[in-house]
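Participant: Here you go, coords_34.cif (mmCIF, N, CA and C atoms):
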data_model
#
loop_
_atom_site.label_atom_id
_atom_site.label_comp_id
_atom_site.auth_asym_id
_atom_site.auth_seq_id
_atom_site.Cartn_x
_atom_site.Cartn_y
_atom_site.Cartn_z
N MET A 62 -19.11 77.19 115.66
CA MET A 62 -18.90 75.95 116.39
C MET A 62 -17.43 75.83 116.74
N GLY A 63 -17.11 75.68 118.00
CA GLY A 63 -15.73 75.58 118.44
C GLY A 63 -15.19 74.17 118.28
N LYS A 64 -13.90 74.09 118.09
CA LYS A 64 -13.24 72.80 118.00
C LYS A 64 -12.84 72.37 119.40
N LYS A 65 -12.91 71.06 119.65
CA LYS A 65 -12.50 70.56 120.96
C LYS A 65 -11.82 69.22 120.82
N THR A 66 -10.98 68.91 121.78
CA THR A 66 -10.30 67.63 121.82
C THR A 66 -11.32 66.55 122.15
N ILE A 67 -11.37 65.49 121.34
CA ILE A 67 -12.31 64.41 121.62
C ILE A 67 -11.64 63.19 122.25
N ALA A 68 -10.30 63.08 122.08
CA ALA A 68 -9.58 61.96 122.68
C ALA A 68 -8.09 62.26 122.69
N ILE A 69 -7.42 61.73 123.68
CA ILE A 69 -5.95 61.72 123.72
C ILE A 69 -5.57 60.25 123.65
N ILE A 70 -4.81 59.91 122.62
CA ILE A 70 -4.49 58.50 122.35
C ILE A 70 -3.03 58.25 122.69
N PRO A 71 -2.77 57.49 123.76
CA PRO A 71 -1.37 57.19 124.10
C PRO A 71 -0.73 56.35 123.00
N VAL A 72 0.42 56.82 122.49
CA VAL A 72 1.11 56.12 121.43
C VAL A 72 2.55 55.83 121.83
N SER A 73 3.30 56.89 122.11
CA SER A 73 4.72 56.77 122.42
C SER A 73 5.17 58.08 123.05
N GLY A 74 6.34 58.08 123.68
CA GLY A 74 6.89 59.31 124.22
C GLY A 74 7.26 60.30 123.14
N GLU A 75 7.48 59.80 121.92
CA GLU A 75 7.84 60.67 120.80
C GLU A 75 7.37 60.02 119.50
N THR A 76 6.60 60.78 118.73
CA THR A 76 6.14 60.31 117.42
C THR A 76 6.50 61.35 116.38
N GLN A 77 6.34 60.99 115.12
CA GLN A 77 6.66 61.91 114.04
C GLN A 77 5.68 61.72 112.89
N ARG A 78 5.07 62.79 112.47
CA ARG A 78 4.19 62.87 111.32
C ARG A 78 2.95 61.99 111.48
N ILE A 79 1.87 62.43 110.89
CA ILE A 79 0.59 61.74 110.95
C ILE A 79 -0.02 61.72 109.55
N SER A 80 -0.64 60.60 109.19
CA SER A 80 -1.44 60.55 107.98
C SER A 80 -2.68 59.71 108.27
N ILE A 81 -3.64 59.80 107.38
CA ILE A 81 -4.90 59.07 107.56
C ILE A 81 -5.18 58.26 106.30
N SER A 82 -5.78 57.09 106.49
CA SER A 82 -6.11 56.25 105.33
C SER A 82 -7.19 56.92 104.50
N ASN A 83 -7.27 56.56 103.24
CA ASN A 83 -8.22 57.19 102.32
C ASN A 83 -9.67 56.98 102.72
N ASP A 84 -9.95 55.89 103.45
CA ASP A 84 -11.32 55.62 103.90
C ASP A 84 -11.58 56.16 105.31
N ASP A 85 -10.62 56.92 105.86
CA ASP A 85 -10.73 57.52 107.20
C ASP A 85 -10.81 56.49 108.33
N ARG A 86 -10.47 55.25 108.05
CA ARG A 86 -10.55 54.18 109.06
C ARG A 86 -9.37 54.16 110.02
N TRP A 87 -8.17 54.52 109.50
CA TRP A 87 -6.96 54.44 110.30
C TRP A 87 -6.17 55.74 110.24
N VAL A 88 -5.49 56.00 111.34
CA VAL A 88 -4.51 57.09 111.40
C VAL A 88 -3.17 56.42 111.67
N PHE A 89 -2.12 56.92 111.01
CA PHE A 89 -0.78 56.33 111.14
C PHE A 89 0.18 57.37 111.69
N THR A 90 1.05 56.95 112.59
CA THR A 90 2.14 57.80 113.06
C THR A 90 3.34 56.92 113.40
N SER A 91 4.53 57.46 113.18
CA SER A 91 5.76 56.69 113.37
C SER A 91 6.31 56.91 114.77
N ASP A 92 6.49 55.82 115.50
CA ASP A 92 7.11 55.84 116.82
C ASP A 92 8.59 56.20 116.63
N GLN A 93 9.09 57.17 117.38
CA GLN A 93 10.49 57.57 117.27
C GLN A 93 11.39 56.90 118.31
N THR A 94 10.79 56.08 119.19
CA THR A 94 11.58 55.38 120.20
C THR A 94 11.85 53.93 119.81
N LYS A 95 11.09 53.40 118.86
CA LYS A 95 11.24 52.03 118.36
C LYS A 95 10.91 52.02 116.87
N PRO A 96 11.47 51.07 116.12
CA PRO A 96 11.17 51.01 114.68
C PRO A 96 9.80 50.37 114.42
N GLN A 97 8.75 51.16 114.67
CA GLN A 97 7.40 50.66 114.48
C GLN A 97 6.44 51.79 114.13
N LEU A 98 5.36 51.40 113.49
CA LEU A 98 4.33 52.32 113.06
C LEU A 98 3.07 52.04 113.85
N ALA A 99 2.48 53.08 114.45
CA ALA A 99 1.22 52.92 115.16
C ALA A 99 0.07 53.02 114.16
N VAL A 100 -0.88 52.09 114.27
CA VAL A 100 -2.09 52.12 113.47
C VAL A 100 -3.24 52.36 114.44
N ILE A 101 -3.85 53.54 114.33
CA ILE A 101 -4.92 53.94 115.24
C ILE A 101 -6.26 53.76 114.54
N ASP A 102 -7.18 53.07 115.21
CA ASP A 102 -8.53 52.86 114.70
C ASP A 102 -9.36 54.10 115.02
N THR A 103 -9.90 54.77 113.99
CA THR A 103 -10.65 56.01 114.22
C THR A 103 -12.02 55.76 114.84
N ALA A 104 -12.52 54.51 114.77
CA ALA A 104 -13.82 54.20 115.39
C ALA A 104 -13.70 54.11 116.91
N THR A 105 -12.54 53.64 117.39
CA THR A 105 -12.36 53.45 118.83
C THR A 105 -11.39 54.46 119.45
N ASN A 106 -10.63 55.18 118.59
CA ASN A 106 -9.59 56.09 119.07
C ASN A 106 -8.57 55.38 119.95
N LYS A 107 -8.19 54.17 119.52
CA LYS A 107 -7.17 53.38 120.21
C LYS A 107 -6.20 52.81 119.20
N VAL A 108 -4.97 52.52 119.66
CA VAL A 108 -4.00 51.87 118.79
C VAL A 108 -4.51 50.46 118.50
N LYS A 109 -4.76 50.19 117.21
CA LYS A 109 -5.26 48.87 116.78
C LYS A 109 -4.12 47.88 116.69
N SER A 110 -2.99 48.35 116.12
CA SER A 110 -1.85 47.45 115.95
C SER A 110 -0.57 48.25 115.75
N TRP A 111 0.54 47.53 115.79
CA TRP A 111 1.86 48.09 115.53
C TRP A 111 2.44 47.34 114.35
N VAL A 112 3.03 48.08 113.42
CA VAL A 112 3.68 47.46 112.25
C VAL A 112 5.18 47.62 112.43
N PRO A 113 5.92 46.50 112.57
CA PRO A 113 7.39 46.60 112.65
C PRO A 113 7.96 47.18 111.36
N LEU A 114 8.92 48.08 111.50
CA LEU A 114 9.58 48.71 110.35
C LEU A 114 11.06 48.36 110.35
N PRO A 115 11.75 48.52 109.20
CA PRO A 115 13.18 48.21 109.14
C PRO A 115 14.04 49.23 109.89
N GLY A 116 13.47 50.34 110.27
CA GLY A 116 14.15 51.40 111.02
C GLY A 116 13.07 52.37 111.48
N THR A 117 13.45 53.39 112.20
CA THR A 117 12.49 54.38 112.67
C THR A 117 11.84 55.09 111.49
N GLY A 118 10.52 55.10 111.44
CA GLY A 118 9.79 55.70 110.34
C GLY A 118 9.64 57.20 110.48
N TYR A 119 9.13 57.81 109.43
CA TYR A 119 8.89 59.25 109.42
C TYR A 119 7.59 59.51 108.68
N GLY A 120 7.60 60.24 107.57
CA GLY A 120 6.37 60.55 106.85
C GLY A 120 5.75 59.33 106.19
N THR A 121 4.41 59.37 106.03
CA THR A 121 3.67 58.26 105.43
C THR A 121 2.62 58.78 104.46
N ALA A 122 2.20 57.93 103.53
CA ALA A 122 1.10 58.26 102.62
C ALA A 122 0.49 56.98 102.08
N SER A 123 -0.85 56.98 101.97
CA SER A 123 -1.58 55.85 101.42
C SER A 123 -1.72 55.99 99.91
N THR A 124 -1.70 54.85 99.22
CA THR A 124 -1.97 54.88 97.78
C THR A 124 -3.46 55.18 97.59
N PRO A 125 -3.84 55.82 96.48
CA PRO A 125 -5.24 56.18 96.27
C PRO A 125 -6.21 55.00 96.31
N ASP A 126 -5.74 53.80 95.94
CA ASP A 126 -6.62 52.62 95.98
C ASP A 126 -6.78 52.06 97.39
N GLY A 127 -6.05 52.62 98.36
CA GLY A 127 -6.16 52.19 99.75
C GLY A 127 -5.49 50.87 100.08
N ARG A 128 -4.71 50.34 99.17
CA ARG A 128 -4.08 49.03 99.39
C ARG A 128 -2.76 49.11 100.16
N PHE A 129 -2.02 50.21 99.97
CA PHE A 129 -0.68 50.29 100.54
C PHE A 129 -0.45 51.61 101.26
N LEU A 130 0.47 51.58 102.21
CA LEU A 130 0.96 52.78 102.88
C LEU A 130 2.46 52.81 102.67
N LEU A 131 2.98 53.93 102.19
CA LEU A 131 4.42 54.10 102.02
C LEU A 131 4.95 54.86 103.22
N VAL A 132 6.05 54.38 103.78
CA VAL A 132 6.65 54.96 104.99
C VAL A 132 8.11 55.32 104.71
N ALA A 133 8.46 56.59 104.89
CA ALA A 133 9.86 57.00 104.78
C ALA A 133 10.60 56.45 106.00
N VAL A 134 11.76 55.82 105.76
CA VAL A 134 12.57 55.24 106.85
C VAL A 134 13.98 55.82 106.75
N PRO A 135 14.23 56.99 107.39
CA PRO A 135 15.52 57.66 107.25
C PRO A 135 16.75 56.84 107.66
N PRO A 136 16.71 56.07 108.77
CA PRO A 136 17.95 55.37 109.15
C PRO A 136 18.45 54.35 108.14
N THR A 137 17.55 53.80 107.32
CA THR A 137 17.97 52.79 106.33
C THR A 137 17.97 53.33 104.90
N ASN A 138 17.61 54.63 104.73
CA ASN A 138 17.51 55.23 103.40
C ASN A 138 16.59 54.41 102.50
N GLN A 139 15.40 54.14 103.04
CA GLN A 139 14.43 53.32 102.31
C GLN A 139 13.02 53.88 102.47
N VAL A 140 12.15 53.38 101.63
CA VAL A 140 10.71 53.56 101.80
C VAL A 140 10.15 52.16 102.01
N ALA A 141 9.48 51.96 103.15
CA ALA A 141 8.84 50.67 103.43
C ALA A 141 7.43 50.72 102.87
N VAL A 142 7.00 49.63 102.26
CA VAL A 142 5.65 49.53 101.70
C VAL A 142 4.86 48.57 102.59
N VAL A 143 3.82 49.11 103.22
CA VAL A 143 2.97 48.32 104.12
C VAL A 143 1.71 47.92 103.37
N ASP A 144 1.42 46.63 103.35
CA ASP A 144 0.16 46.13 102.81
C ASP A 144 -0.90 46.39 103.88
N LEU A 145 -1.91 47.21 103.57
CA LEU A 145 -2.89 47.59 104.59
C LEU A 145 -3.88 46.48 104.91
N ALA A 146 -3.95 45.43 104.11
CA ALA A 146 -4.81 44.29 104.43
C ALA A 146 -4.15 43.43 105.51
N SER A 147 -2.84 43.20 105.38
CA SER A 147 -2.12 42.36 106.34
C SER A 147 -1.42 43.15 107.44
N MET A 148 -1.28 44.48 107.22
CA MET A 148 -0.54 45.36 108.13
C MET A 148 0.89 44.87 108.32
N LYS A 149 1.53 44.49 107.21
CA LYS A 149 2.93 44.05 107.22
C LYS A 149 3.69 44.75 106.12
N VAL A 150 5.00 44.96 106.36
CA VAL A 150 5.87 45.50 105.32
C VAL A 150 6.08 44.39 104.29
N VAL A 151 5.77 44.72 103.03
CA VAL A 151 5.90 43.71 101.96
C VAL A 151 7.09 43.98 101.04
N ARG A 152 7.67 45.19 101.12
CA ARG A 152 8.88 45.49 100.34
C ARG A 152 9.51 46.75 100.90
N ASN A 153 10.81 46.89 100.59
CA ASN A 153 11.56 48.09 100.93
C ASN A 153 12.22 48.61 99.66
N ILE A 154 12.14 49.92 99.45
CA ILE A 154 12.69 50.54 98.26
C ILE A 154 13.83 51.46 98.67
N ASP A 155 15.01 51.26 98.10
CA ASP A 155 16.16 52.12 98.40
C ASP A 155 15.97 53.48 97.75
N VAL A 156 16.24 54.54 98.53
CA VAL A 156 16.15 55.93 98.05
C VAL A 156 17.38 56.69 98.55
N PRO A 157 17.61 57.93 98.08
CA PRO A 157 18.75 58.71 98.58
C PRO A 157 18.65 58.97 100.09
N ALA A 158 19.70 59.53 100.63
CA ALA A 158 19.85 59.71 102.08
C ALA A 158 18.74 60.52 102.73
N SER A 159 18.28 59.99 103.86
CA SER A 159 17.39 60.66 104.80
C SER A 159 16.00 61.00 104.24
N PRO A 160 15.22 59.97 103.78
CA PRO A 160 13.87 60.24 103.31
C PRO A 160 13.00 60.81 104.43
N GLN A 161 12.17 61.79 104.07
CA GLN A 161 11.38 62.51 105.07
C GLN A 161 9.88 62.38 104.85
N GLU A 162 9.42 62.84 103.71
CA GLU A 162 7.99 62.95 103.42
C GLU A 162 7.67 62.14 102.18
N VAL A 163 6.44 61.61 102.14
CA VAL A 163 5.96 60.86 100.98
C VAL A 163 4.70 61.54 100.46
N LEU A 164 4.64 61.76 99.18
CA LEU A 164 3.47 62.34 98.52
C LEU A 164 3.15 61.48 97.31
N ILE A 165 1.92 61.03 97.20
CA ILE A 165 1.53 60.17 96.09
C ILE A 165 0.65 60.97 95.13
N ARG A 166 1.00 60.90 93.86
CA ARG A 166 0.25 61.61 92.84
C ARG A 166 -1.21 61.12 92.86
N PRO A 167 -2.18 62.00 92.63
CA PRO A 167 -3.59 61.60 92.70
C PRO A 167 -3.97 60.43 91.79
N ASP A 168 -3.25 60.26 90.66
CA ASP A 168 -3.56 59.12 89.78
C ASP A 168 -2.97 57.81 90.28
N GLY A 169 -2.19 57.86 91.36
CA GLY A 169 -1.64 56.66 91.97
C GLY A 169 -0.48 56.03 91.23
N LYS A 170 0.06 56.70 90.24
CA LYS A 170 1.13 56.11 89.45
C LYS A 170 2.53 56.36 90.01
N THR A 171 2.71 57.47 90.72
CA THR A 171 4.04 57.85 91.19
C THR A 171 3.98 58.36 92.62
N ALA A 172 4.96 57.96 93.42
CA ALA A 172 5.13 58.51 94.77
C ALA A 172 6.40 59.36 94.75
N TYR A 173 6.35 60.51 95.39
CA TYR A 173 7.50 61.39 95.51
C TYR A 173 7.96 61.36 96.96
N VAL A 174 9.27 61.20 97.15
CA VAL A 174 9.84 61.11 98.49
C VAL A 174 10.96 62.12 98.62
N SER A 175 10.79 63.09 99.53
CA SER A 175 11.85 64.07 99.76
C SER A 175 12.95 63.41 100.57
N CYS A 176 14.18 63.62 100.15
CA CYS A 176 15.34 63.00 100.79
C CYS A 176 16.26 64.11 101.27
N ASN A 177 16.09 64.47 102.52
CA ASN A 177 16.63 65.65 103.16
C ASN A 177 18.10 65.93 102.91
N THR A 178 18.99 65.08 103.37
CA THR A 178 20.41 65.41 103.30
C THR A 178 21.00 65.25 101.90
N SER A 179 20.29 64.57 101.01
CA SER A 179 20.78 64.43 99.63
C SER A 179 20.32 65.59 98.75
N GLY A 180 19.30 66.33 99.20
CA GLY A 180 18.76 67.41 98.38
C GLY A 180 18.00 66.92 97.16
N LYS A 181 17.52 65.68 97.22
CA LYS A 181 16.81 65.07 96.09
C LYS A 181 15.38 64.70 96.48
N VAL A 182 14.54 64.57 95.46
CA VAL A 182 13.22 63.97 95.62
C VAL A 182 13.22 62.75 94.71
N ALA A 183 12.95 61.59 95.31
CA ALA A 183 12.90 60.35 94.53
C ALA A 183 11.49 60.16 94.00
N ALA A 184 11.37 59.90 92.70
CA ALA A 184 10.08 59.60 92.07
C ALA A 184 10.02 58.08 91.91
N ILE A 185 9.09 57.45 92.62
CA ILE A 185 8.96 55.99 92.60
C ILE A 185 7.77 55.60 91.73
N ASP A 186 8.02 54.75 90.74
CA ASP A 186 6.96 54.21 89.89
C ASP A 186 6.23 53.14 90.70
N LEU A 187 4.95 53.36 90.98
CA LEU A 187 4.21 52.43 91.82
C LEU A 187 3.72 51.19 91.07
N ALA A 188 3.95 51.11 89.77
CA ALA A 188 3.62 49.89 89.02
C ALA A 188 4.70 48.83 89.24
N ASP A 189 5.97 49.28 89.29
CA ASP A 189 7.06 48.31 89.48
C ASP A 189 7.85 48.53 90.77
N TRP A 190 7.43 49.52 91.58
CA TRP A 190 8.05 49.78 92.89
C TRP A 190 9.54 50.09 92.78
N LYS A 191 9.91 50.86 91.76
CA LYS A 191 11.32 51.25 91.58
C LYS A 191 11.43 52.75 91.42
N VAL A 192 12.58 53.29 91.85
CA VAL A 192 12.85 54.71 91.65
C VAL A 192 13.03 54.94 90.16
N GLN A 193 12.19 55.77 89.57
CA GLN A 193 12.28 56.03 88.13
C GLN A 193 13.13 57.24 87.83
N SER A 194 13.21 58.20 88.77
CA SER A 194 14.06 59.36 88.56
C SER A 194 14.33 60.07 89.89
N LEU A 195 15.36 60.92 89.87
CA LEU A 195 15.69 61.75 91.02
C LEU A 195 15.58 63.20 90.58
N ILE A 196 14.90 64.00 91.37
CA ILE A 196 14.69 65.41 91.08
C ILE A 196 15.55 66.22 92.05
N THR A 197 16.37 67.11 91.53
CA THR A 197 17.19 67.97 92.39
C THR A 197 16.30 69.01 93.03
N ALA A 198 16.30 69.06 94.36
CA ALA A 198 15.41 69.96 95.08
C ALA A 198 16.16 70.97 95.94
N GLY A 199 17.43 70.77 96.15
CA GLY A 199 18.20 71.67 97.00
C GLY A 199 18.34 71.14 98.41
N LYS A 200 19.15 71.83 99.19
CA LYS A 200 19.46 71.39 100.55
C LYS A 200 18.21 71.25 101.41
N LEU A 201 18.22 70.22 102.23
CA LEU A 201 17.21 69.98 103.25
C LEU A 201 15.79 69.83 102.69
N ALA A 202 15.65 69.15 101.57
CA ALA A 202 14.33 68.86 101.00
C ALA A 202 13.48 68.12 102.03
N ASP A 203 12.26 68.60 102.24
CA ASP A 203 11.42 67.98 103.28
C ASP A 203 9.96 67.95 102.84
N GLY A 204 9.15 68.90 103.28
CA GLY A 204 7.72 68.87 103.04
C GLY A 204 7.36 68.89 101.56
N LEU A 205 6.30 68.18 101.22
CA LEU A 205 5.81 68.11 99.84
C LEU A 205 4.30 68.37 99.84
N ALA A 206 3.80 68.94 98.77
CA ALA A 206 2.36 69.16 98.63
C ALA A 206 1.99 69.08 97.16
N TRP A 207 0.74 68.77 96.89
CA TRP A 207 0.23 68.66 95.54
C TRP A 207 -0.69 69.85 95.29
N ALA A 208 -0.48 70.57 94.20
CA ALA A 208 -1.33 71.71 93.83
C ALA A 208 -2.18 71.33 92.63
N LYS A 209 -3.43 71.71 92.68
CA LYS A 209 -4.33 71.40 91.56
C LYS A 209 -4.30 72.50 90.54
#
Would you give me this structure, written as structure tokens?
Facilitator:
Amino acid sequence: MGKKTIAIIPVSGETQRISISNDDRWVFTSDQTKPQLAVIDTATNKVKSWVPLPGTGYGTASTPDGRFLLVAVPPTNQVAVVDLASMKVVRNIDVPASPQEVLIRPDGKTAYVSCNTSGKVAAIDLADWKVQSLITAGKLADGLAWAK
């Protein structure tokens, strides 16, 4: 069975990174021309809404319980936390310079954020929304993956 394009969804002239909600209901991508996050409805293949961000977003990841989406925001050196029920940023967490990618541990207790120009990965405790430790990763830390 061949793969084929089922829809082209106009979002922005430039976007960065894509993630999908745990229930497959929404796809998220960060607009690179404005500080906003596109929320695409997978049932209609259209942009459902835009979430204003504190700066241009980058990588995103949903918490396992489906309540929150974490967004790396490189210009402000923060991770924005979006409440997926209200589609609003409910907090910002300061991290080292140039956050890129967000990876959430399967148990939902910790989020890891690669911080490119600092060479660090910030480990954020999702119970209290604070950076619990910094892991030295080397220059240009970016992509993250979880191995079983």
Participant: Between atom N of A:Trp111 and atom C of A:Gln97, what is the distance in Å, rounded to a tenth?
Facilitator: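 Atom C of A:Gln97 lies at a distance of 7.5 Å from atom N of A:Trp111.
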Participant: Evaluate the PyMOL selection byres (((chain A and resi 110 and name CA) around 9) and name CA) against this structure - the residues, as a count of residues only, please.
Facilitator: 10
Participant: Which polymer residues have any atom within 5 Å of an atom of A:Ile185, counting only N, CA and C atoms, with same-chain residues fewer than 2 positions away left out, as a PyMOL selection string?
Facilitator: chain A and resi 171-173+183+187+191-193
Participant: Would you compute the distance between atom CA of A:Ile67 and atom C of A:Ser91? Give it in Å to one decimal.
Facilitator: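 Between these atoms lies a distance of 21.2 Å.
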Participant: Could you write out as a count of residues only the residues that the PyMOL selection byres (((chain A and resi 142-147 and name CA) around 9) and name CA) matches in the shown file?
Facilitator: 17
Participant: For the file shown, what are the residues hit by the PyMOL selection byres ((chain A and resi 174) around 6.5), laid out as a list in words?
Facilitator: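 For this structure, the PyMOL selection byres ((chain A and resi 174) around 6.5) resolves to Pro160, Gln161, Glu162, Val163, Leu164, Ala172, Tyr173, Ser175, Cys176, Lys181, Val182, Ala183, Ala184 and Ile185 of chain A.
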Participant: If we count only C-alpha atoms and set the cut-off at 7 Å, which residues sit around A:Pro135, ignoring sequence neighbours fewer than 2 positions away in its own chain? Please answer as a ChimeraX atom specification.
Facilitator: /A:118,133,137-139,159-161
Participant: When you draw a straight line from atom CA of A:Gly120 to atom CA of A:Pro96, how long is it in Å?
Facilitator: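 Answer for the atom CA of A:Gly120 to atom CA of A:Pro96 separation: 13.2 Å.
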Participant: Would you fill the gaps in stretch 107-118 of chain A so it has N, CA, C and O atoms, then print it as a compact mmCIF listing (two decimals), keeping the file's coordinate frame?
Facilitator:
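Result file selection-v2.txt:
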# COMPACT_ATOMS: atom_id res chain seq x y z
N LYS A 107 -8.19 54.17 119.52
CA LYS A 107 -7.17 53.38 120.21
C LYS A 107 -6.20 52.81 119.20
O LYS A 107 -6.55 52.63 118.03
N VAL A 108 -4.97 52.52 119.66
CA VAL A 108 -4.00 51.87 118.79
C VAL A 108 -4.51 50.46 118.50
O VAL A 108 -4.71 49.66 119.41
N LYS A 109 -4.76 50.19 117.21
CA LYS A 109 -5.26 48.87 116.78
C LYS A 109 -4.12 47.88 116.69
O LYS A 109 -4.25 46.73 117.08
N SER A 110 -2.99 48.35 116.12
CA SER A 110 -1.85 47.45 115.95
C SER A 110 -0.57 48.25 115.75
O SER A 110 -0.61 49.46 115.57
N TRP A 111 0.54 47.53 115.79
CA TRP A 111 1.86 48.09 115.53
C TRP A 111 2.44 47.34 114.35
O TRP A 111 2.37 46.12 114.29
N VAL A 112 3.03 48.08 113.42
CA VAL A 112 3.68 47.46 112.25
C VAL A 112 5.18 47.62 112.43
O VAL A 112 5.69 48.75 112.47
N PRO A 113 5.92 46.50 112.57
CA PRO A 113 7.39 46.60 112.65
C PRO A 113 7.96 47.18 111.36
O PRO A 113 7.52 46.82 110.27
N LEU A 114 8.92 48.08 111.50
CA LEU A 114 9.58 48.71 110.35
C LEU A 114 11.06 48.36 110.35
O LEU A 114 11.61 48.00 111.39
N PRO A 115 11.75 48.52 109.20
CA PRO A 115 13.18 48.21 109.14
C PRO A 115 14.04 49.23 109.89
O PRO A 115 15.21 48.99 110.14
N GLY A 116 13.47 50.34 110.27
CA GLY A 116 14.15 51.40 111.02
C GLY A 116 13.07 52.37 111.48
O GLY A 116 11.89 52.19 111.17
N THR A 117 13.45 53.39 112.20
CA THR A 117 12.49 54.38 112.67
C THR A 117 11.84 55.09 111.49
O THR A 117 12.53 55.62 110.63
N GLY A 118 10.52 55.10 111.44
CA GLY A 118 9.79 55.70 110.34
C GLY A 118 9.64 57.20 110.48
O GLY A 118 9.96 57.79 111.52
